[in-house]
Structure formats: C-alpha cells, structure tokens
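J.: For reference, the file start.csv (CSV, C-alpha atoms and all ligand atoms) is included below:
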```csv
chain,number,residue,atom,x,y,z
G,1,MET,CA,0.0,0.0,0.0
G,2,SER,CA,1.5,3.3,-0.9
G,3,LYS,CA,0.4,6.7,0.4
G,4,LYS,CA,1.1,10.2,-0.8
G,5,LEU,CA,3.7,11.9,1.3
G,6,PRO,CA,2.2,15.1,2.8
G,7,LYS,CA,3.8,18.1,1.2
G,8,PRO,CA,6.0,20.0,3.7
G,9,GLU,CA,4.9,23.6,4.4
G,10,LEU,CA,7.2,26.1,2.8
G,11,SER,CA,8.1,27.5,6.1
G,12,GLU,CA,9.4,24.1,7.4
G,13,PRO,CA,13.1,23.7,8.0
G,14,GLU,CA,15.5,21.6,5.9
G,15,ARG,CA,17.7,18.8,6.9
G,16,LEU,CA,20.9,16.9,6.2
G,17,ASN,CA,21.1,13.1,5.7
G,18,GLY,CA,23.1,11.8,8.6
G,19,ALA,CA,20.3,9.5,9.8
G,20,ARG,CA,20.0,6.1,8.1
G,21,ILE,CA,16.3,6.4,7.4
G,22,PRO,CA,13.7,5.1,7.0
G,23,THR,CA,14.3,2.8,9.9
G,24,PRO,CA,12.6,-0.6,9.9
G,25,VAL,CA,9.2,-1.3,11.6
G,26,HIS,CA,8.6,-4.9,12.5
G,27,LYS,CA,6.5,-7.0,14.9
G,28,LEU,CA,7.9,-8.4,18.2
G,29,PRO,CA,6.1,-11.7,17.7
G,30,ARG,CA,6.9,-13.4,21.0
G,31,LEU,CA,6.2,-10.4,23.2
G,32,SER,CA,3.0,-9.9,21.2
G,33,GLY,CA,1.9,-13.4,22.0
G,34,GLU,CA,2.9,-13.1,25.7
G,35,TYR,CA,0.8,-9.9,26.2
G,36,GLY,CA,-2.0,-10.6,23.7
G,37,VAL,CA,-1.5,-7.5,21.6
G,38,ASN,CA,0.2,-6.7,18.2
G,39,LEU,CA,3.4,-5.1,19.4
G,40,TYR,CA,5.6,-3.6,16.8
G,41,VAL,CA,8.9,-1.7,17.1
G,42,LYS,CA,10.2,1.2,15.1
G,43,ARG,CA,13.9,0.7,15.0
G,44,ASP,CA,15.3,4.2,15.6
G,45,ASP,CA,18.2,2.5,17.4
G,46,LEU,CA,19.3,1.7,13.8
G,47,THR,CA,19.5,5.3,12.6
G,48,GLY,CA,23.3,4.8,12.7
G,49,PHE,CA,26.0,3.2,14.8
G,50,VAL,CA,27.7,6.0,16.6
G,51,LEU,CA,25.0,8.4,15.4
G,52,GLY,CA,22.3,5.9,16.3
G,53,GLY,CA,19.2,6.6,18.3
G,54,ASN,CA,16.6,9.4,18.2
G,55,LYS,CA,19.0,12.4,18.4
G,56,ILE,CA,20.4,12.2,14.9
G,57,ARG,CA,16.9,12.8,13.5
G,58,LYS,CA,16.9,16.2,15.3
G,59,LEU,CA,20.5,16.9,14.6
G,60,ASP,CA,20.0,16.5,10.8
G,61,TYR,CA,17.8,19.6,11.0
G,62,LEU,CA,20.0,21.4,13.4
G,63,LEU,CA,23.2,20.8,11.5
G,64,PHE,CA,21.6,22.1,8.3
G,65,ASP,CA,20.8,25.3,10.2
G,66,ALA,CA,24.3,25.4,11.6
G,67,THR,CA,25.8,25.1,8.1
G,68,GLN,CA,23.5,27.9,6.9
G,69,HIS,CA,24.9,30.0,9.6
G,70,GLY,CA,28.5,29.2,8.6
G,71,ALA,CA,29.3,27.4,11.8
G,72,THR,CA,32.7,25.9,12.4
G,73,ALA,CA,32.0,24.5,15.9
G,74,LEU,CA,29.0,22.9,17.6
G,75,ILE,CA,28.4,23.6,21.3
G,76,SER,CA,26.0,21.4,23.2
G,77,CYS,CA,25.3,20.2,26.7
G,78,GLY,CA,23.8,17.3,28.7
G,79,ARG,CA,24.7,14.8,31.3
G,80,VAL,CA,28.1,13.0,31.4
G,81,GLN,CA,26.7,9.9,29.6
G,82,SER,CA,24.4,11.9,27.2
G,83,ASN,CA,23.5,10.0,24.0
G,84,HIS,CA,22.8,13.4,22.5
G,85,CYS,CA,26.3,14.7,23.2
G,86,ARG,CA,27.9,11.6,21.8
G,87,ALA,CA,25.9,12.1,18.6
G,88,VAL,CA,26.9,15.8,18.4
G,89,ALA,CA,30.6,14.8,18.8
G,90,ALA,CA,30.3,12.1,16.1
G,91,LEU,CA,28.4,14.3,13.7
G,92,ALA,CA,30.7,17.3,14.2
G,93,ALA,CA,33.7,15.1,13.4
G,94,SER,CA,32.0,13.7,10.2
G,95,TYR,CA,31.5,17.3,8.9
G,96,GLY,CA,34.9,18.5,10.0
G,97,LEU,CA,33.5,20.8,12.7
G,98,GLU,CA,34.8,21.3,16.3
G,99,SER,CA,32.5,20.0,19.1
G,100,ILE,CA,32.5,21.4,22.6
G,101,LEU,CA,30.4,19.7,25.2
G,102,ILE,CA,29.3,21.2,28.6
G,103,LEU,CA,28.7,18.1,30.7
G,104,ARG,CA,26.9,18.1,34.0
G,105,GLY,CA,28.7,15.8,36.4
G,106,GLU,CA,32.1,14.9,37.6
G,107,LYS,CA,35.0,13.9,35.5
G,108,PRO,CA,35.3,10.1,36.0
G,109,ASP,CA,38.5,8.2,36.7
G,110,SER,CA,37.9,6.0,33.6
G,111,LEU,CA,36.1,6.5,30.3
G,112,ARG,CA,33.2,4.4,29.3
G,113,SER,CA,30.4,4.2,26.7
G,114,ASN,CA,29.1,7.6,25.5
G,115,LEU,CA,31.8,9.6,27.3
G,116,LEU,CA,34.6,7.5,25.8
G,117,LEU,CA,33.1,8.1,22.3
G,118,ASP,CA,32.9,11.9,23.0
G,119,TYR,CA,36.7,11.8,23.4
G,120,LEU,CA,37.3,9.5,20.5
G,121,PHE,CA,35.4,11.9,18.2
G,122,GLY,CA,37.6,14.8,19.5
G,123,ALA,CA,35.1,16.7,21.6
G,124,GLN,CA,36.4,19.3,24.0
G,125,VAL,CA,34.7,18.5,27.3
G,126,PHE,CA,33.9,20.8,30.2
G,127,TYR,CA,32.7,19.1,33.4
G,128,VAL,CA,30.4,21.4,35.5
G,129,THR,CA,28.5,21.1,38.7
G,130,GLU,CA,24.7,21.2,38.9
G,131,ALA,CA,24.9,24.8,40.0
G,132,GLU,CA,27.3,25.7,37.1
G,133,TYR,CA,25.1,23.8,34.7
G,134,LYS,CA,22.1,26.0,35.6
G,135,GLU,CA,24.3,29.0,34.7
G,136,ARG,CA,25.8,27.4,31.6
G,137,GLU,CA,24.9,30.4,29.5
G,138,ASN,CA,28.0,32.1,31.0
G,139,LEU,CA,30.3,29.3,30.1
G,140,ARG,CA,28.8,29.0,26.7
G,141,ARG,CA,29.4,32.7,26.0
G,142,ILE,CA,33.1,32.4,27.1
G,143,ILE,CA,33.5,29.4,24.7
G,144,GLU,CA,31.8,31.3,21.9
G,145,HIS,CA,34.1,34.2,22.3
G,146,GLN,CA,37.1,31.9,22.2
G,147,ILE,CA,35.9,30.3,19.0
G,148,VAL,CA,35.4,33.8,17.4
G,149,ASP,CA,38.9,34.8,18.6
G,150,ARG,CA,40.4,31.9,16.6
G,151,GLY,CA,38.4,32.9,13.5
G,152,GLY,CA,35.5,30.4,13.9
G,153,LYS,CA,31.8,30.6,14.5
G,154,ALA,CA,29.8,28.6,17.1
G,155,TYR,CA,26.4,27.1,16.8
G,156,TYR,CA,24.6,26.2,20.0
G,157,ILE,CA,22.4,23.1,20.2
G,158,PRO,CA,20.3,22.9,23.4
G,159,GLU,CA,20.0,19.8,25.6
G,160,GLY,CA,18.6,16.8,23.7
G,161,GLY,CA,18.4,18.9,20.5
G,162,SER,CA,14.9,19.9,21.6
G,163,ASN,CA,14.1,23.2,20.1
G,164,PRO,CA,11.7,24.1,17.3
G,165,ILE,CA,14.2,23.1,14.5
G,166,GLY,CA,15.2,19.8,16.2
G,167,THR,CA,11.5,19.0,16.8
G,168,PHE,CA,11.1,18.5,13.0
G,169,GLY,CA,13.2,15.3,13.3
G,170,TYR,CA,10.1,13.6,14.7
G,171,VAL,CA,7.6,15.4,12.5
G,172,ASN,CA,9.6,13.8,9.7
G,173,MET,CA,9.5,10.4,11.5
G,174,TRP,CA,5.7,10.6,11.6
G,175,ARG,CA,5.7,11.1,7.8
G,176,GLU,CA,8.1,8.3,7.3
G,177,LEU,CA,5.9,6.0,9.4
G,178,THR,CA,2.8,6.9,7.4
G,179,MET,CA,4.6,5.6,4.3
G,180,GLN,CA,5.4,2.3,6.0
G,181,LEU,CA,1.8,1.6,7.2
G,182,GLY,CA,0.4,-1.5,5.6
G,183,SER,CA,3.7,-2.5,4.0
G,184,GLU,CA,5.3,-5.9,3.9
G,185,VAL,CA,8.3,-6.5,6.2
G,186,PRO,CA,11.3,-8.5,4.9
G,187,ASN,CA,11.8,-11.7,7.0
G,188,TYR,CA,8.6,-11.2,9.0
G,189,ASP,CA,5.3,-12.9,8.3
G,190,GLU,CA,3.1,-10.0,9.1
G,191,PRO,CA,2.9,-6.6,7.4
G,192,VAL,CA,2.9,-3.3,9.3
G,193,PRO,CA,-0.7,-2.6,10.4
G,194,SER,CA,-2.5,0.1,8.4
G,195,LYS,CA,-3.0,2.0,11.7
G,196,PHE,CA,-1.5,2.0,15.1
G,197,ASP,CA,-3.7,2.6,18.1
G,198,SER,CA,-0.8,3.9,20.2
G,199,ILE,CA,2.8,4.9,19.8
G,200,VAL,CA,4.9,4.5,23.0
G,201,PHE,CA,8.4,5.7,23.6
G,202,ALA,CA,10.7,7.3,26.3
G,203,ASN,CA,10.4,11.0,27.0
G,204,GLY,CA,13.5,12.9,28.2
G,205,SER,CA,13.6,16.5,26.9
G,206,GLY,CA,10.3,16.2,25.1
G,207,GLY,CA,11.4,16.6,21.5
G,208,THR,CA,10.5,13.2,20.3
G,209,GLN,CA,7.0,13.5,21.7
G,210,ALA,CA,6.5,17.1,20.5
G,211,GLY,CA,7.6,16.1,17.0
G,212,LEU,CA,5.3,13.1,16.8
G,213,ILE,CA,2.3,15.2,18.0
G,214,LEU,CA,3.0,17.9,15.4
G,215,GLY,CA,3.5,15.2,12.7
G,216,LYS,CA,0.1,13.8,13.6
G,217,LEU,CA,-1.6,17.2,13.7
G,218,LEU,CA,-0.1,18.2,10.4
G,219,ASP,CA,-1.2,15.0,8.8
G,220,GLU,CA,-4.2,15.4,6.5
G,221,GLU,CA,-5.4,11.9,7.4
G,222,LYS,CA,-6.4,13.0,10.9
G,223,VAL,CA,-5.8,9.5,12.5
G,224,ASP,CA,-6.7,8.9,16.2
G,225,THR,CA,-3.4,7.2,17.1
G,226,ARG,CA,-2.4,8.0,20.7
G,227,ILE,CA,1.1,9.3,21.2
G,228,VAL,CA,2.3,8.3,24.6
G,229,GLY,CA,5.6,9.4,26.2
G,230,VAL,CA,7.0,7.5,29.2
G,231,ASN,CA,8.7,10.1,31.4
G,232,VAL,CA,12.1,8.7,32.4
G,233,CYS,CA,13.9,12.0,33.4
G,234,TYR,CA,11.4,14.3,35.0
G,235,ASP,CA,8.1,14.0,36.8
G,236,ALA,CA,4.9,13.9,34.8
G,237,SER,CA,4.0,17.5,35.3
G,238,GLU,CA,7.4,18.8,34.3
G,239,THR,CA,7.5,16.5,31.3
G,240,PHE,CA,4.0,17.6,30.2
G,241,HIS,CA,5.1,21.3,30.4
G,242,LEU,CA,8.4,20.6,28.5
G,243,VAL,CA,6.3,19.1,25.6
G,244,LYS,CA,3.7,21.8,25.7
G,245,ASP,CA,6.3,24.6,25.7
G,246,LEU,CA,8.1,23.0,22.8
G,247,LEU,CA,4.9,22.6,20.9
G,248,TRP,CA,4.0,26.2,21.4
G,249,LYS,CA,7.4,27.4,20.4
G,250,THR,CA,7.5,25.3,17.3
G,251,VAL,CA,4.1,26.3,16.2
G,252,ALA,CA,5.0,29.9,16.7
G,253,HIS,CA,8.5,29.7,15.2
G,254,PHE,CA,7.3,28.1,11.9
G,255,SER,CA,3.8,29.7,11.9
G,256,LEU,CA,2.2,26.3,11.6
G,257,PRO,CA,-1.5,26.3,10.8
G,258,LEU,CA,-2.7,24.2,13.8
G,259,SER,CA,-3.6,24.2,17.4
G,260,PHE,CA,-3.3,21.5,20.0
G,261,MET,CA,-5.0,20.6,23.3
G,262,ALA,CA,-3.7,19.3,26.6
G,263,GLU,CA,-5.3,15.8,25.7
G,264,ASP,CA,-2.8,15.6,22.8
G,265,ILE,CA,0.0,15.3,25.3
G,266,GLU,CA,-0.3,11.9,26.9
G,267,ILE,CA,2.3,10.9,29.5
G,268,LEU,CA,2.6,7.4,31.0
G,269,ASP,CA,3.8,8.1,34.5
G,270,GLY,CA,5.2,5.9,37.3
G,271,PHE,CA,8.2,4.3,35.6
G,272,ILE,CA,11.2,6.5,36.5
G,273,GLY,CA,11.9,3.9,39.2
G,274,GLU,CA,14.7,5.0,41.5
G,275,GLY,CA,15.4,8.1,39.4
G,276,TYR,CA,17.1,9.2,36.2
G,277,ALA,CA,19.7,6.6,35.0
G,278,LEU,CA,19.2,4.5,38.2
G,279,SER,CA,18.3,0.9,37.4
G,280,ARG,CA,16.2,-1.5,39.4
G,281,ARG,CA,16.4,-5.2,39.0
G,282,GLU,CA,12.9,-5.3,37.4
G,283,GLU,CA,13.9,-2.9,34.7
G,284,LEU,CA,17.1,-4.8,34.0
G,285,ASN,CA,15.1,-8.1,33.9
G,286,CYS,CA,12.8,-6.4,31.3
G,287,ILE,CA,15.8,-5.4,29.1
G,288,ALA,CA,17.2,-9.0,29.4
G,289,HIS,CA,13.7,-10.5,28.6
G,290,VAL,CA,13.3,-8.4,25.4
G,291,ALA,CA,16.9,-9.2,24.4
G,292,ARG,CA,16.3,-12.9,24.8
G,293,GLN,CA,12.9,-13.0,23.3
G,294,GLU,CA,13.3,-10.7,20.4
G,295,GLY,CA,17.1,-10.1,19.9
G,296,VAL,CA,16.5,-6.4,20.5
G,297,LEU,CA,18.9,-4.5,22.7
G,298,LEU,CA,17.2,-1.7,24.8
G,299,ASP,CA,19.1,0.7,27.1
G,300,PRO,CA,18.9,1.1,30.9
G,301,VAL,CA,18.2,4.9,30.9
G,302,TYR,CA,15.5,5.4,28.3
G,303,SER,CA,14.1,2.7,26.1
G,304,GLY,CA,14.4,-0.1,28.8
G,305,LYS,CA,12.3,2.0,31.3
G,306,ALA,CA,9.8,2.9,28.6
G,307,MET,CA,9.4,-0.7,27.5
G,308,HIS,CA,9.1,-1.7,31.2
G,309,GLY,CA,6.4,0.9,31.6
G,310,LEU,CA,4.6,-0.4,28.5
G,311,LEU,CA,4.7,-4.0,29.5
G,312,GLU,CA,3.8,-3.4,33.1
G,313,THR,CA,0.8,-1.4,32.0
G,314,LEU,CA,-0.3,-4.2,29.6
G,315,LYS,CA,0.0,-6.7,32.4
G,316,LYS,CA,-2.5,-4.8,34.5
G,317,SER,CA,-4.7,-3.6,31.7
G,318,PRO,CA,-4.2,-5.4,28.4
G,319,GLU,CA,-6.5,-3.1,26.5
G,320,HIS,CA,-4.9,0.1,27.7
G,321,PHE,CA,-3.1,1.0,24.5
G,322,GLY,CA,-5.5,-0.7,22.0
G,323,LYS,CA,-4.6,-3.8,19.9
G,324,ASN,CA,-1.9,-2.4,17.6
G,325,ILE,CA,0.9,-0.8,19.5
G,326,LEU,CA,4.2,0.7,18.1
G,327,PHE,CA,7.1,1.0,20.5
G,328,VAL,CA,9.7,3.5,19.2
G,329,HIS,CA,13.1,2.2,20.1
G,330,THR,CA,15.0,5.5,20.6
G,331,GLY,CA,18.5,3.9,20.9
G,332,GLY,CA,20.9,4.4,23.8
G,333,GLY,CA,22.4,0.9,23.7
G,334,PHE,CA,25.9,2.1,24.6
G,335,GLY,CA,24.4,2.8,28.1
G,336,ASN,CA,24.6,-0.9,28.9
G,337,PHE,CA,28.4,-0.6,28.9
G,338,ASN,CA,28.2,2.0,31.6
G,339,ILE,CA,26.5,-0.4,34.1
G,340,GLU,CA,28.6,-3.5,33.8
G,341,ASP,CA,28.5,-4.0,37.6
G,342,ALA,CA,24.7,-4.0,37.6
G,343,TRP,CA,24.7,-6.5,34.7
G,344,SER,CA,27.3,-8.7,36.4
G,345,GLU,CA,25.1,-8.7,39.5
G,346,VAL,CA,22.2,-10.0,37.3
G,347,PHE,CA,24.1,-12.7,35.4
G,348,LEU,CA,27.1,-13.7,37.5
G,349,LYS,CA,26.0,-13.7,41.1
G,401,LIG,C1,18.1,6.8,24.0
G,401,LIG,C2,17.2,8.0,24.3
G,401,LIG,N1,15.9,7.7,24.2
G,401,LIG,C3,15.0,8.7,24.5
G,401,LIG,C4,15.4,10.0,24.8
G,401,LIG,C5,14.4,11.0,25.0
G,401,LIG,O1,14.1,11.8,23.9
G,401,LIG,P1,13.6,13.3,24.0
G,401,LIG,O2,14.7,14.1,24.7
G,401,LIG,O3,13.4,13.7,22.6
G,401,LIG,O4,12.4,13.3,24.9
G,401,LIG,C6,16.8,10.3,24.8
G,401,LIG,C7,17.3,11.6,25.1
G,401,LIG,O5,17.2,12.2,26.1
G,401,LIG,C8,17.7,9.2,24.5
G,401,LIG,O6,19.0,9.4,24.6
```
Represent the structure from my file as structure tokens, please.
T.:
Amino acid sequence: MSKKLPKPELSEPERLNGARIPTPVHKLPRLSGEYGVNLYVKRDDLTGFVLGGNKIRKLDYLLFDATQHGATALISCGRVQSNHCRAVAALAASYGLESILILRGEKPDSLRSNLLLDYLFGAQVFYVTEAEYKERENLRRIIEHQIVDRGGKAYYIPEGGSNPIGTFGYVNMWRELTMQLGSEVPNYDEPVPSKFDSIVFANGSGGTQAGLILGKLLDEEKVDTRIVGVNVCYDASETFHLVKDLLWKTVAHFSLPLSFMAEDIEILDGFIGEGYALSRREELNCIAHVARQEGVLLDPVYSGKAMHGLLETLKKSPEHFGKNILFVHTGGGFGNFNIEDAWSEVFLK
C-alpha cells in the first residue's frame, strides 16, 4: 500500500542526511503473544551506529541550520553519559567541525560508553557542577568568544536537540511511518498494520513527543493514534510542560497552521523507578527479557524503562493502548556498557 507523502509547508526547516532512514518497523512476535497484543517496534536504534538513536533525526535539521549560519563549531550540553552529546561529537567530526560539550557531572576516573566516544570523536569536554550547569549560558558565552577569537563561528544546540528546529526530526519520522503503514516487512510474516492505536516511547527532553504530536496534527489523514511518552527523566507534570512549551514554540516559530490541546500530550507516569539513570532489577530483567525473546537491545536509561512501563501497564490492563501498538526504540544501547557492575550482578552472582 502506498500513500502520498504530505507536502511539507514552505516554512518548514530543511535537513541533512546523517540518519539512516527510513528505519525498519517490525513485529515483536513473542512479546505480542505473551501480552495478547500486536506489538511492533520502530527501530530508531538503527539510525546509525555512533549516530544511532533518536538524536540524529533532530541533529540533521539542526546541522543544516548550523551550516546555513557558517558554523565551524558545535556547542551542546547534557549529562556526562548523554547520548545526544555523543551524537553531536560524532556528527561534528564527520563534517569537519569542532565540538564542545558542557557536561553536568564529575570527570570520572575512567572513560566508558558515550563519554569515551565523545573523546574518540575529538570533543572538547567541560565538566560542570549542577549549579554551574544552571548558569551554563555564561560558560557558553566564554566558549563562543574563544571560538570567534580563533576565527570560527559557534552554533549552539540545546540539551537533547529539543528546540523548534530539532523537533522536526520527529515530524519527519511521523511522515516516514505513514509511508510504512500496511507495507510488507522482509523476514517477517506480518505486514505493518494500516494504523497503530498507540505509539509509545521514552520521553526525556520532550522533543520526540512534540515532533510526533506535530506530525500527527499536520497529517491530513487525521488519525486517532495516541502518542504516549513515558517520562524517564522528569516527573509527569514537568514532562508535560516541556512538551507543551516546545509545541507552542515550534508552532509559533514556523507559523504552523494548527492548534493542540492538553489531551494531545499523553504521559505514562510511574516508571522512572529509583530516578534518572538508576536501574532497578525489574527494569534490567525487562531489558534482558526483550533481548532474549526478540534479539532487540534496549538501554537502561531510556528505552528499557519505557518498555518496562509499557509491558507493566499491559499486564494490569491489556487493552490500555489498543490492539496495535508501536514502540519507538529511541536507541541508547551504549548505556549498557556504563553499568557492567549491575549487569554482572544480574548474570554472574
Ligand atoms: C536513548 C534515548 N531515548 C529517548 C530519549 C528522550 O528523547 P527526548 O529528549 O526527545 O524526549 C533520549 C534523550 O534524552 C535518549 O538518549
């Protein structure tokens, strides 16, 4: 089944082609059987290797903008093990740009997973305390001046790439998905359904959710697919406001011809567990179960908690998300190599 791609509005931003897209959509047959639903996954963990995950979709738009502004250096920020910052460092290197990362947290004694990759891709790293991070504008300005002094130009990318330009990464993903609906899937018996009742994924800085909501609202088909973010960083109210603000800003920035309501922003709350990036045994068990059942590697910080939230909710209320559910795997797999002790505890003790 083929569908006409909705024409982008003239005012919409443009992008580069760093992400390997379209990413596959396929069924998770054994989990579907176990939970009595049709559970599919959109493999945004496969948008690339070092660029993999949801961030590169946003960064493709942001880097296009950066090149339009003549940038020679990208500055961004996040936590020490940020997937976003790793993608910024890798992308900057692949375009011959400098990358400067303002990381919230202490400099560790040894380098692992995303942070190791930041260094491998030549990022200049500044470690800052929580208080300094709140005031990071100051440091950012100093770094920008230094770049100008050596004849360059800096382009600033906010945490998670979540601003009106980056948000289009997931508007575009919605459009990509509409083209995949009803299509055959190589190596799988069942095609992609012609409609998903719910799309579920991890919400951190809100950009993935805001983009998908906008994609849906801009879609002429007016489908009633629910877009459900599982808050894994902030509490439900803060997460709701992050998405709402980003929606407002994006609609205003690009003069998009639409309005949205609070009901459009659905948050599945209760699955942060011990807190951001802290793993409980039940979440690790969920990651291991999905890995063994389906050969899909989730991550402990984002996608693992989101999948745990989805499956726990299905256990209690099998009809909660409807019959056809799409889980967006937003990547982050390198994060498993930051918690070897916890994994050793699960498998070796
Ligand atoms: C692997 C992974 N999944 C999900 C998210 C959340 O995405 P967003 O910041 O767009 O809400 C992030 C980023 O924070 C991430 O790194």
J.: Could you check how far CA of Ser82 (chain G) sits from CA of Gly211 (chain G), in Å to one decimal?
T.: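 Rounded to one decimal, the two atoms are 20.1 Å apart.
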J.: My list of candidates is G:Arg15, G:Arg104, G:Lys323, G:His84. Which is closest to ligand LIG 401 (chain G) when distances are computed with all atoms listed in the file?
T.: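 Smallest distance to ligand LIG 401 (chain G) is found for G:His84.
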J.: Enumerate residues in contact with ligand LIG 401 (chain G): an atom-to-atom distance of at most 7 Å, counting all atoms listed in the file. Format the result as number ranges by chain.
T.: G: 53-55, 82-84, 160, 162, 202-209, 299, 302-303, 330-332
J.: Restricting the calculation to all atoms listed in the file: of G:Pro257, G:Gly333, G:Leu101, G:Lys244, which residue gets closest to Val50 (chain G)?
T.: G:Gly333
J.: May I ask for the distance between CA of Asp264 (chain G) and CA of Ser317 (chain G), given in Å to one decimal place?
T.: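 Those two atoms sit 21.2 Å apart.
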J.: Could you name the residues that touch Arg86 (chain G) at 8 Å or less, counting all atoms listed in the file, but leaving out those on the same chain fewer than 5 positions away, as a CSV table (one decimal) with C-alpha atoms, in the frame of the given file?
T.:
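As written to disk, part.csv reads:
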```
chain,number,residue,atom,x,y,z
G,50,VAL,CA,27.7,6.0,16.6
G,51,LEU,CA,25.0,8.4,15.4
G,114,ASN,CA,29.1,7.6,25.5
G,115,LEU,CA,31.8,9.6,27.3
G,117,LEU,CA,33.1,8.1,22.3
G,118,ASP,CA,32.9,11.9,23.0
```
J.: Skipping near chain neighbours, those fewer than 6 positions away, what residues fall within 10 Å of Glu312 (chain G) using all atoms listed in the file, listed as a VMD selection string?
T.: chain G and resid 35 271 286 306 318
J.: From the list G:Leu326, G:Ile267, G:Leu297, G:Met179, which residue is nearest Lys42 (chain G) when using only C-alpha atoms?
T.: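 Once distances to Lys42 (chain G) are computed over only C-alpha atoms, the minimum belongs to G:Leu326.
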